[in-house]
Structure formats: C-alpha cells, structure tokens
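Structure, as structure tokens:
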Amino acid sequence: ERSGIHLNDVSIAYNWSALKGKNVKQVFPDSENNIWIGTSAGLYLIKSGEKIVRIANKFIGQNDTAALYITCIQEDQQGNMWFGIEDGGFKKYDRRSHRLYSFTFSQQTKRNNVYGILEDNNGFIWLSTGNGLIKLNPATRKFQRYTQTDGLPSNTFNYNAYFKDDDGTFYFGGYKGLVSFNPSSFKPNTIKAPILFTGLKTLNHPGTEDITSA
C-alpha cells in the first residue's frame with residue numbers, strides 16, 4: 001500500500017498547451033462530466049471524453065470569454081453555468097439555448113468583484129462580492145444586496161471561500177471572519193427604525209422651541 005500524495009505525469013495523457021502560462025483560478029467538473037477551467041486570461045473547457053483543453057468560446061458560441069478573468073464557477077439545478085468575473089460582474093451560460101447572458105453592476109469597481117456563487121434550494125443565486133452579499137432572482141434578473149447595515153461583519157469577501165453543505169446551509173469567508181446561514185430560514189429585516197429627536201441646535205446652539213406641540 002502507498003500513503004500520502006502521489007503525483008503522476010498527467011501531461012502525457014492530456015494536452016495542456018492551451019493553458020501554458022495561464023494563471024488557473026478555478027477548476028469545476030459539471031454534471032455532464034465536462035471540466036471548466038477559469039483563468040486570469042479566459043475560460044477553458046475539457047469536454048467529456050476528450051483529453052484536450054480548448055478555449056470555451058468554440059463550445060458556447062461566444063467570442064467574449066477569451067480575455068475574461070474568471071474568479072469562480074458554479075452550476076445551477078437547471079444545468080446552467082455561472083461565472084464570476086473580475087471587475088466585470090458575472091455571466092450565465094444557458095446550455096439549452098447556448099446563449100451567454102451578462103450581469104453587470106452600475107459601478108464596475110473592485111468592490112463589485114464576484115468571489116463566490118451558490119444556488120439555494122429555491123433556485124435563487126447568491127454571490128459574495130467586494131461589496132456585500134447579493135441575492136439574485138434569475139427569472140426577473142432583480143437582486144438584493146446585503147451589507148454591514150444588515151448585520152454582515154464586513155462587506156468584503158474572499159476568493160475561493162464559499163460552500164453549501166448537504167442541508168443547504170451557506171458558508172462565505174470574508175476579511176473579518178465567516179458568514180453562515182441557511183437561505184430557507186433567512187428572513188430579511190423589513191422593520192424600519194423610528195426616527196427619534198434627541199436634540200435640536202441652531203447655529204451650534206441648543207434650540208429653545210417646544211417641538212412637541214408642533
């Protein structure tokens with residue numbers, strides 16, 4: 001018996017030439033036994049049964065994936081593929097229609113980088129970003145952002161720090177610890193705090209008017 005980690009020369013079996021010099025960020029096997037490879041310079045694919053790495057453009061019928069910086073990859077219950085993009089929002093590849101859909105934020109900054117993508121048991125897509133957590137409804141394309149004002153320890157999450165366990169609980173790693181919750185029992189705070197007057201100043205002097213009778 002052998003124990004420990006053993007590395008084989010996989011270059012003999014696979015043609016890795018397409019990835020030469022590429023910074024590989026994500027490797028994701030999908031439900032059809034394809035292997036998606038996200039790099040800092042494009043999206044690549046090893047089709048099921050093949051041993052050649054190819055640029056994904058050829059297979060998904062799009063020309064805009066060659067220069068993308070892929071931060072994360074996920075597959076939803078419908079077989080659609082989701083890709084987080086550095087400084088570029090995220091994309092959805094619909095395998096049935098062979099169309100690639102782009103989702104962008106109003107301000108494309110590093111604060112809106114997508115670091116992780118998970119799907120909950122109700123089909124909503126959750127994304128960890130540099131500016132909070134985002135819940136997306138794929139059917140309407142509308143999203144809700146959650147930040148520190150909603151109770152997060154930090155608005156900034158981290159690369160490769162997202163996980164969904166068997167009971168549907170999410171785990172997202174950030175700069176100030178770990179965020180964990182189950183979306184099925186997640187209830188956003190819809191109560192608006194009342195405004196309370198604690199004082200009134202005019203030109204930096206305390207006011208003298210009785211505002212209770214106004």
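If you're wondering about the labels, chains in the structure tokens are A, B, ... by order shown, residues count from 1 in each chain, ligands from 1 in order shown.
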
| query | Can you tell me, as a list in words, what residues are no more than 10 Å from Phe181 of chain A when counting only C-alpha atoms, ignoring any on the same chain fewer than 5 positions away? | reply | Lys164, Gly168, Thr169, Phe170, Tyr171, Phe172 and Phe186 of chain A

Go ahead and write the residues just picked, all heavy atoms, as a PDB file, in the first residue's frame.
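Writing the result to again00.pdb gives the following:
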ATOM      1  N   LYS A 164     -21.634  25.211   0.169  1.00  0.00           N
ATOM      2  CA  LYS A 164     -23.004  24.859   0.537  1.00  0.00           C
ATOM      3  C   LYS A 164     -22.994  23.427   1.038  1.00  0.00           C
ATOM      4  O   LYS A 164     -22.555  22.517   0.337  1.00  0.00           O
ATOM      5  CB  LYS A 164     -23.925  24.981  -0.687  1.00  0.00           C
ATOM      6  CG  LYS A 164     -25.372  24.545  -0.423  1.00  0.00           C
ATOM      7  CD  LYS A 164     -26.196  24.633  -1.705  1.00  0.00           C
ATOM      8  CE  LYS A 164     -27.620  24.136  -1.498  1.00  0.00           C
ATOM      9  NZ  LYS A 164     -28.412  24.181  -2.760  1.00  0.00           N
ATOM     10  N   GLY A 168     -28.205  22.589   2.925  1.00  0.00           N
ATOM     11  CA  GLY A 168     -28.461  23.860   2.266  1.00  0.00           C
ATOM     12  C   GLY A 168     -27.874  25.075   2.942  1.00  0.00           C
ATOM     13  O   GLY A 168     -28.095  26.201   2.492  1.00  0.00           O
ATOM     14  N   THR A 169     -27.122  24.871   4.027  1.00  0.00           N
ATOM     15  CA  THR A 169     -26.506  25.991   4.725  1.00  0.00           C
ATOM     16  C   THR A 169     -25.340  26.543   3.922  1.00  0.00           C
ATOM     17  O   THR A 169     -24.532  25.779   3.377  1.00  0.00           O
ATOM     18  CB  THR A 169     -26.026  25.571   6.120  1.00  0.00           C
ATOM     19  OG1 THR A 169     -27.147  25.136   6.893  1.00  0.00           O
ATOM     20  CG2 THR A 169     -25.348  26.727   6.850  1.00  0.00           C
ATOM     21  N   PHE A 170     -25.255  27.863   3.846  1.00  0.00           N
ATOM     22  CA  PHE A 170     -24.187  28.541   3.121  1.00  0.00           C
ATOM     23  C   PHE A 170     -23.071  28.958   4.065  1.00  0.00           C
ATOM     24  O   PHE A 170     -23.311  29.330   5.212  1.00  0.00           O
ATOM     25  CB  PHE A 170     -24.713  29.801   2.431  1.00  0.00           C
ATOM     26  CG  PHE A 170     -25.541  29.554   1.197  1.00  0.00           C
ATOM     27  CD1 PHE A 170     -26.171  30.619   0.569  1.00  0.00           C
ATOM     28  CD2 PHE A 170     -25.687  28.291   0.656  1.00  0.00           C
ATOM     29  CE1 PHE A 170     -26.927  30.423  -0.568  1.00  0.00           C
ATOM     30  CE2 PHE A 170     -26.440  28.078  -0.485  1.00  0.00           C
ATOM     31  CZ  PHE A 170     -27.061  29.153  -1.097  1.00  0.00           C
ATOM     32  N   TYR A 171     -21.851  28.960   3.532  1.00  0.00           N
ATOM     33  CA  TYR A 171     -20.683  29.474   4.254  1.00  0.00           C
ATOM     34  C   TYR A 171     -19.906  30.372   3.288  1.00  0.00           C
ATOM     35  O   TYR A 171     -19.531  29.948   2.196  1.00  0.00           O
ATOM     36  CB  TYR A 171     -19.781  28.338   4.737  1.00  0.00           C
ATOM     37  CG  TYR A 171     -20.465  27.364   5.668  1.00  0.00           C
ATOM     38  CD1 TYR A 171     -21.210  26.298   5.163  1.00  0.00           C
ATOM     39  CD2 TYR A 171     -20.366  27.510   7.053  1.00  0.00           C
ATOM     40  CE1 TYR A 171     -21.855  25.403   6.011  1.00  0.00           C
ATOM     41  CE2 TYR A 171     -21.004  26.615   7.913  1.00  0.00           C
ATOM     42  CZ  TYR A 171     -21.737  25.569   7.383  1.00  0.00           C
ATOM     43  OH  TYR A 171     -22.370  24.683   8.224  1.00  0.00           O
ATOM     44  N   PHE A 172     -19.689  31.621   3.696  1.00  0.00           N
ATOM     45  CA  PHE A 172     -18.916  32.561   2.907  1.00  0.00           C
ATOM     46  C   PHE A 172     -17.794  33.124   3.776  1.00  0.00           C
ATOM     47  O   PHE A 172     -18.052  33.640   4.866  1.00  0.00           O
ATOM     48  CB  PHE A 172     -19.784  33.712   2.401  1.00  0.00           C
ATOM     49  CG  PHE A 172     -20.801  33.315   1.363  1.00  0.00           C
ATOM     50  CD1 PHE A 172     -22.135  33.175   1.711  1.00  0.00           C
ATOM     51  CD2 PHE A 172     -20.426  33.111   0.040  1.00  0.00           C
ATOM     52  CE1 PHE A 172     -23.082  32.829   0.753  1.00  0.00           C
ATOM     53  CE2 PHE A 172     -21.364  32.761  -0.921  1.00  0.00           C
ATOM     54  CZ  PHE A 172     -22.701  32.622  -0.563  1.00  0.00           C
ATOM     55  N   PHE A 186     -33.853  32.200   6.073  1.00  0.00           N
ATOM     56  CA  PHE A 186     -33.349  33.569   6.078  1.00  0.00           C
ATOM     57  C   PHE A 186     -34.509  34.550   5.942  1.00  0.00           C
ATOM     58  O   PHE A 186     -35.306  34.466   5.010  1.00  0.00           O
ATOM     59  CB  PHE A 186     -32.358  33.763   4.928  1.00  0.00           C
ATOM     60  CG  PHE A 186     -31.780  35.144   4.829  1.00  0.00           C
ATOM     61  CD1 PHE A 186     -30.731  35.527   5.648  1.00  0.00           C
ATOM     62  CD2 PHE A 186     -32.276  36.052   3.918  1.00  0.00           C
ATOM     63  CE1 PHE A 186     -30.187  36.802   5.552  1.00  0.00           C
ATOM     64  CE2 PHE A 186     -31.745  37.329   3.812  1.00  0.00           C
ATOM     65  CZ  PHE A 186     -30.700  37.690   4.641  1.00  0.00           C
TER      66      PHE A 186
END

| request: Extract, using only C-alpha atoms, all DNA, RNA and protein residues at most 12 Å from Tyr115 of chain A, discarding same-chain residues fewer than 3 positions from it, and format them as a PyMOL selection string. | output: chain A and resi 25-26+69-74+82-90+110-112+118+126-134+156-163+172-174

Could you write out that same residue set with N, CA and C atoms as a short mmCIF file (atom, residue, chain, number, x, y, z; two decimals), in the first residue's frame?
data_model
loop_
_atom_site.label_atom_id
_atom_site.label_comp_id
_atom_site.auth_asym_id
_atom_site.auth_seq_id
_atom_site.Cartn_x
_atom_site.Cartn_y
_atom_site.Cartn_z
N LYS A 25 -7.44 29.82 -11.92
CA LYS A 25 -8.10 30.25 -10.70
C LYS A 25 -9.16 29.27 -10.21
N GLN A 26 -9.82 28.55 -11.15
CA GLN A 26 -10.90 27.65 -10.77
C GLN A 26 -10.91 26.42 -11.69
N TYR A 69 -11.25 37.45 -16.79
CA TYR A 69 -10.59 36.95 -15.58
C TYR A 69 -11.67 36.24 -14.77
N ILE A 70 -11.64 34.91 -14.78
CA ILE A 70 -12.68 34.12 -14.12
C ILE A 70 -12.33 33.93 -12.65
N THR A 71 -13.20 34.36 -11.76
CA THR A 71 -12.93 34.24 -10.32
C THR A 71 -13.61 33.02 -9.69
N CYS A 72 -14.75 32.58 -10.24
CA CYS A 72 -15.46 31.44 -9.66
C CYS A 72 -16.40 30.84 -10.70
N ILE A 73 -16.75 29.58 -10.49
CA ILE A 73 -17.62 28.84 -11.42
C ILE A 73 -18.64 28.06 -10.60
N GLN A 74 -19.89 28.03 -11.09
CA GLN A 74 -20.93 27.26 -10.41
C GLN A 74 -21.94 26.76 -11.44
N TRP A 82 -22.57 29.35 -14.26
CA TRP A 82 -22.40 30.74 -13.80
C TRP A 82 -20.92 31.01 -13.59
N PHE A 83 -20.48 32.19 -14.03
CA PHE A 83 -19.08 32.55 -13.94
C PHE A 83 -18.92 33.94 -13.32
N GLY A 84 -18.14 34.02 -12.25
CA GLY A 84 -17.81 35.32 -11.67
C GLY A 84 -16.65 35.93 -12.43
N ILE A 85 -16.72 37.24 -12.64
CA ILE A 85 -15.72 37.94 -13.45
C ILE A 85 -15.05 39.03 -12.62
N GLU A 86 -13.73 39.11 -12.69
CA GLU A 86 -13.00 40.19 -12.03
C GLU A 86 -13.35 41.52 -12.71
N ASP A 87 -13.81 42.48 -11.91
CA ASP A 87 -14.17 43.81 -12.41
C ASP A 87 -15.23 43.77 -13.50
N GLY A 88 -16.02 42.70 -13.58
CA GLY A 88 -16.94 42.62 -14.70
C GLY A 88 -18.26 41.95 -14.38
N GLY A 89 -18.68 41.94 -13.12
CA GLY A 89 -19.96 41.31 -12.79
C GLY A 89 -19.90 39.80 -12.88
N PHE A 90 -20.88 39.20 -13.57
CA PHE A 90 -20.90 37.75 -13.71
C PHE A 90 -21.69 37.38 -14.96
N LYS A 110 -13.50 47.26 -8.11
CA LYS A 110 -13.07 46.06 -7.41
C LYS A 110 -13.98 45.72 -6.24
N ARG A 111 -14.72 46.72 -5.75
CA ARG A 111 -15.67 46.44 -4.67
C ARG A 111 -16.79 45.54 -5.14
N ASN A 112 -17.00 45.49 -6.46
CA ASN A 112 -18.07 44.66 -7.01
C ASN A 112 -17.55 43.39 -7.67
N LEU A 118 -23.28 30.66 -5.24
CA LEU A 118 -24.00 29.48 -4.75
C LEU A 118 -25.48 29.61 -5.12
N TRP A 126 -26.85 33.29 -5.07
CA TRP A 126 -26.22 34.17 -4.09
C TRP A 126 -24.76 34.38 -4.51
N LEU A 127 -24.32 35.62 -4.42
CA LEU A 127 -22.96 35.95 -4.81
C LEU A 127 -22.25 36.71 -3.70
N SER A 128 -21.06 36.27 -3.36
CA SER A 128 -20.23 37.02 -2.43
C SER A 128 -19.34 37.95 -3.25
N THR A 129 -19.27 39.22 -2.84
CA THR A 129 -18.58 40.22 -3.64
C THR A 129 -17.66 41.06 -2.75
N GLY A 130 -17.08 42.08 -3.36
CA GLY A 130 -16.29 43.04 -2.60
C GLY A 130 -17.14 44.12 -1.98
N ASN A 131 -18.46 43.98 -2.18
CA ASN A 131 -19.39 44.97 -1.60
C ASN A 131 -20.65 44.26 -1.12
N GLY A 132 -20.48 43.27 -0.25
CA GLY A 132 -21.61 42.58 0.36
C GLY A 132 -22.04 41.31 -0.35
N LEU A 133 -23.15 40.75 0.14
CA LEU A 133 -23.76 39.56 -0.45
C LEU A 133 -24.92 39.99 -1.35
N ILE A 134 -25.06 39.30 -2.49
CA ILE A 134 -26.13 39.61 -3.42
C ILE A 134 -27.01 38.38 -3.62
N THR A 156 -16.58 42.95 2.56
CA THR A 156 -15.59 42.37 1.64
C THR A 156 -15.42 40.88 1.88
N PHE A 157 -15.67 40.09 0.83
CA PHE A 157 -15.48 38.64 0.91
C PHE A 157 -14.19 38.25 0.20
N ASN A 158 -13.90 36.94 0.19
CA ASN A 158 -12.61 36.46 -0.28
C ASN A 158 -12.76 35.48 -1.43
N TYR A 159 -11.68 35.35 -2.20
CA TYR A 159 -11.64 34.35 -3.26
C TYR A 159 -11.71 32.92 -2.69
N ASN A 160 -12.37 32.04 -3.42
CA ASN A 160 -12.38 30.60 -3.11
C ASN A 160 -12.84 30.30 -1.68
N ALA A 161 -13.76 31.10 -1.16
CA ALA A 161 -14.23 30.91 0.21
C ALA A 161 -15.76 30.88 0.21
N TYR A 162 -16.33 29.85 -0.39
CA TYR A 162 -17.79 29.69 -0.42
C TYR A 162 -18.13 28.21 -0.49
N PHE A 163 -19.19 27.81 0.23
CA PHE A 163 -19.52 26.39 0.33
C PHE A 163 -20.97 26.23 0.74
N PHE A 172 -19.69 31.62 3.70
CA PHE A 172 -18.92 32.56 2.91
C PHE A 172 -17.79 33.12 3.78
N GLY A 173 -16.58 33.03 3.30
CA GLY A 173 -15.45 33.57 4.03
C GLY A 173 -15.15 35.00 3.61
N GLY A 174 -14.87 35.85 4.61
CA GLY A 174 -14.58 37.25 4.32
C GLY A 174 -13.37 37.74 5.07
#

| query | Which value, in Å to one decimal, gives the distance between atom CA of Asn113 of chain A and atom CA of Ile55 of chain A? | reply |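 If I compute the distance from atom CA of Asn113 of chain A to atom CA of Ile55 of chain A, I get 22.8 Å.
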
| remark: Across A:Asn80, A:Asn155, A:Asn34, A:Gln144, the smallest distance to Ile52 of chain A, with only C-alpha atoms counted, is shown by A:Asn34

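If you measure from each of A:Gly177, A:Pro153, A:Pro183, A:Gly42 to Gly123 of chain A using only C-alpha atoms, the closest one turns out to be A:Pro183.
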
| message | Need the shell around Glu32 of chain A: protein/DNA/RNA residues with any atom at most 10 Å away, counting only C-alpha atoms. Skip same-chain ones fewer than 4 positions apart. Format as number ranges by chain? | response | A: 47-48, 79

| message | Quick check, in Å to one decimal: how far apart do atom CA of Asn23 of chain A and atom CA of Arg54 of chain A lie? | response |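 Separation of atom CA of Asn23 of chain A and atom CA of Arg54 of chain A: 15.3 Å.
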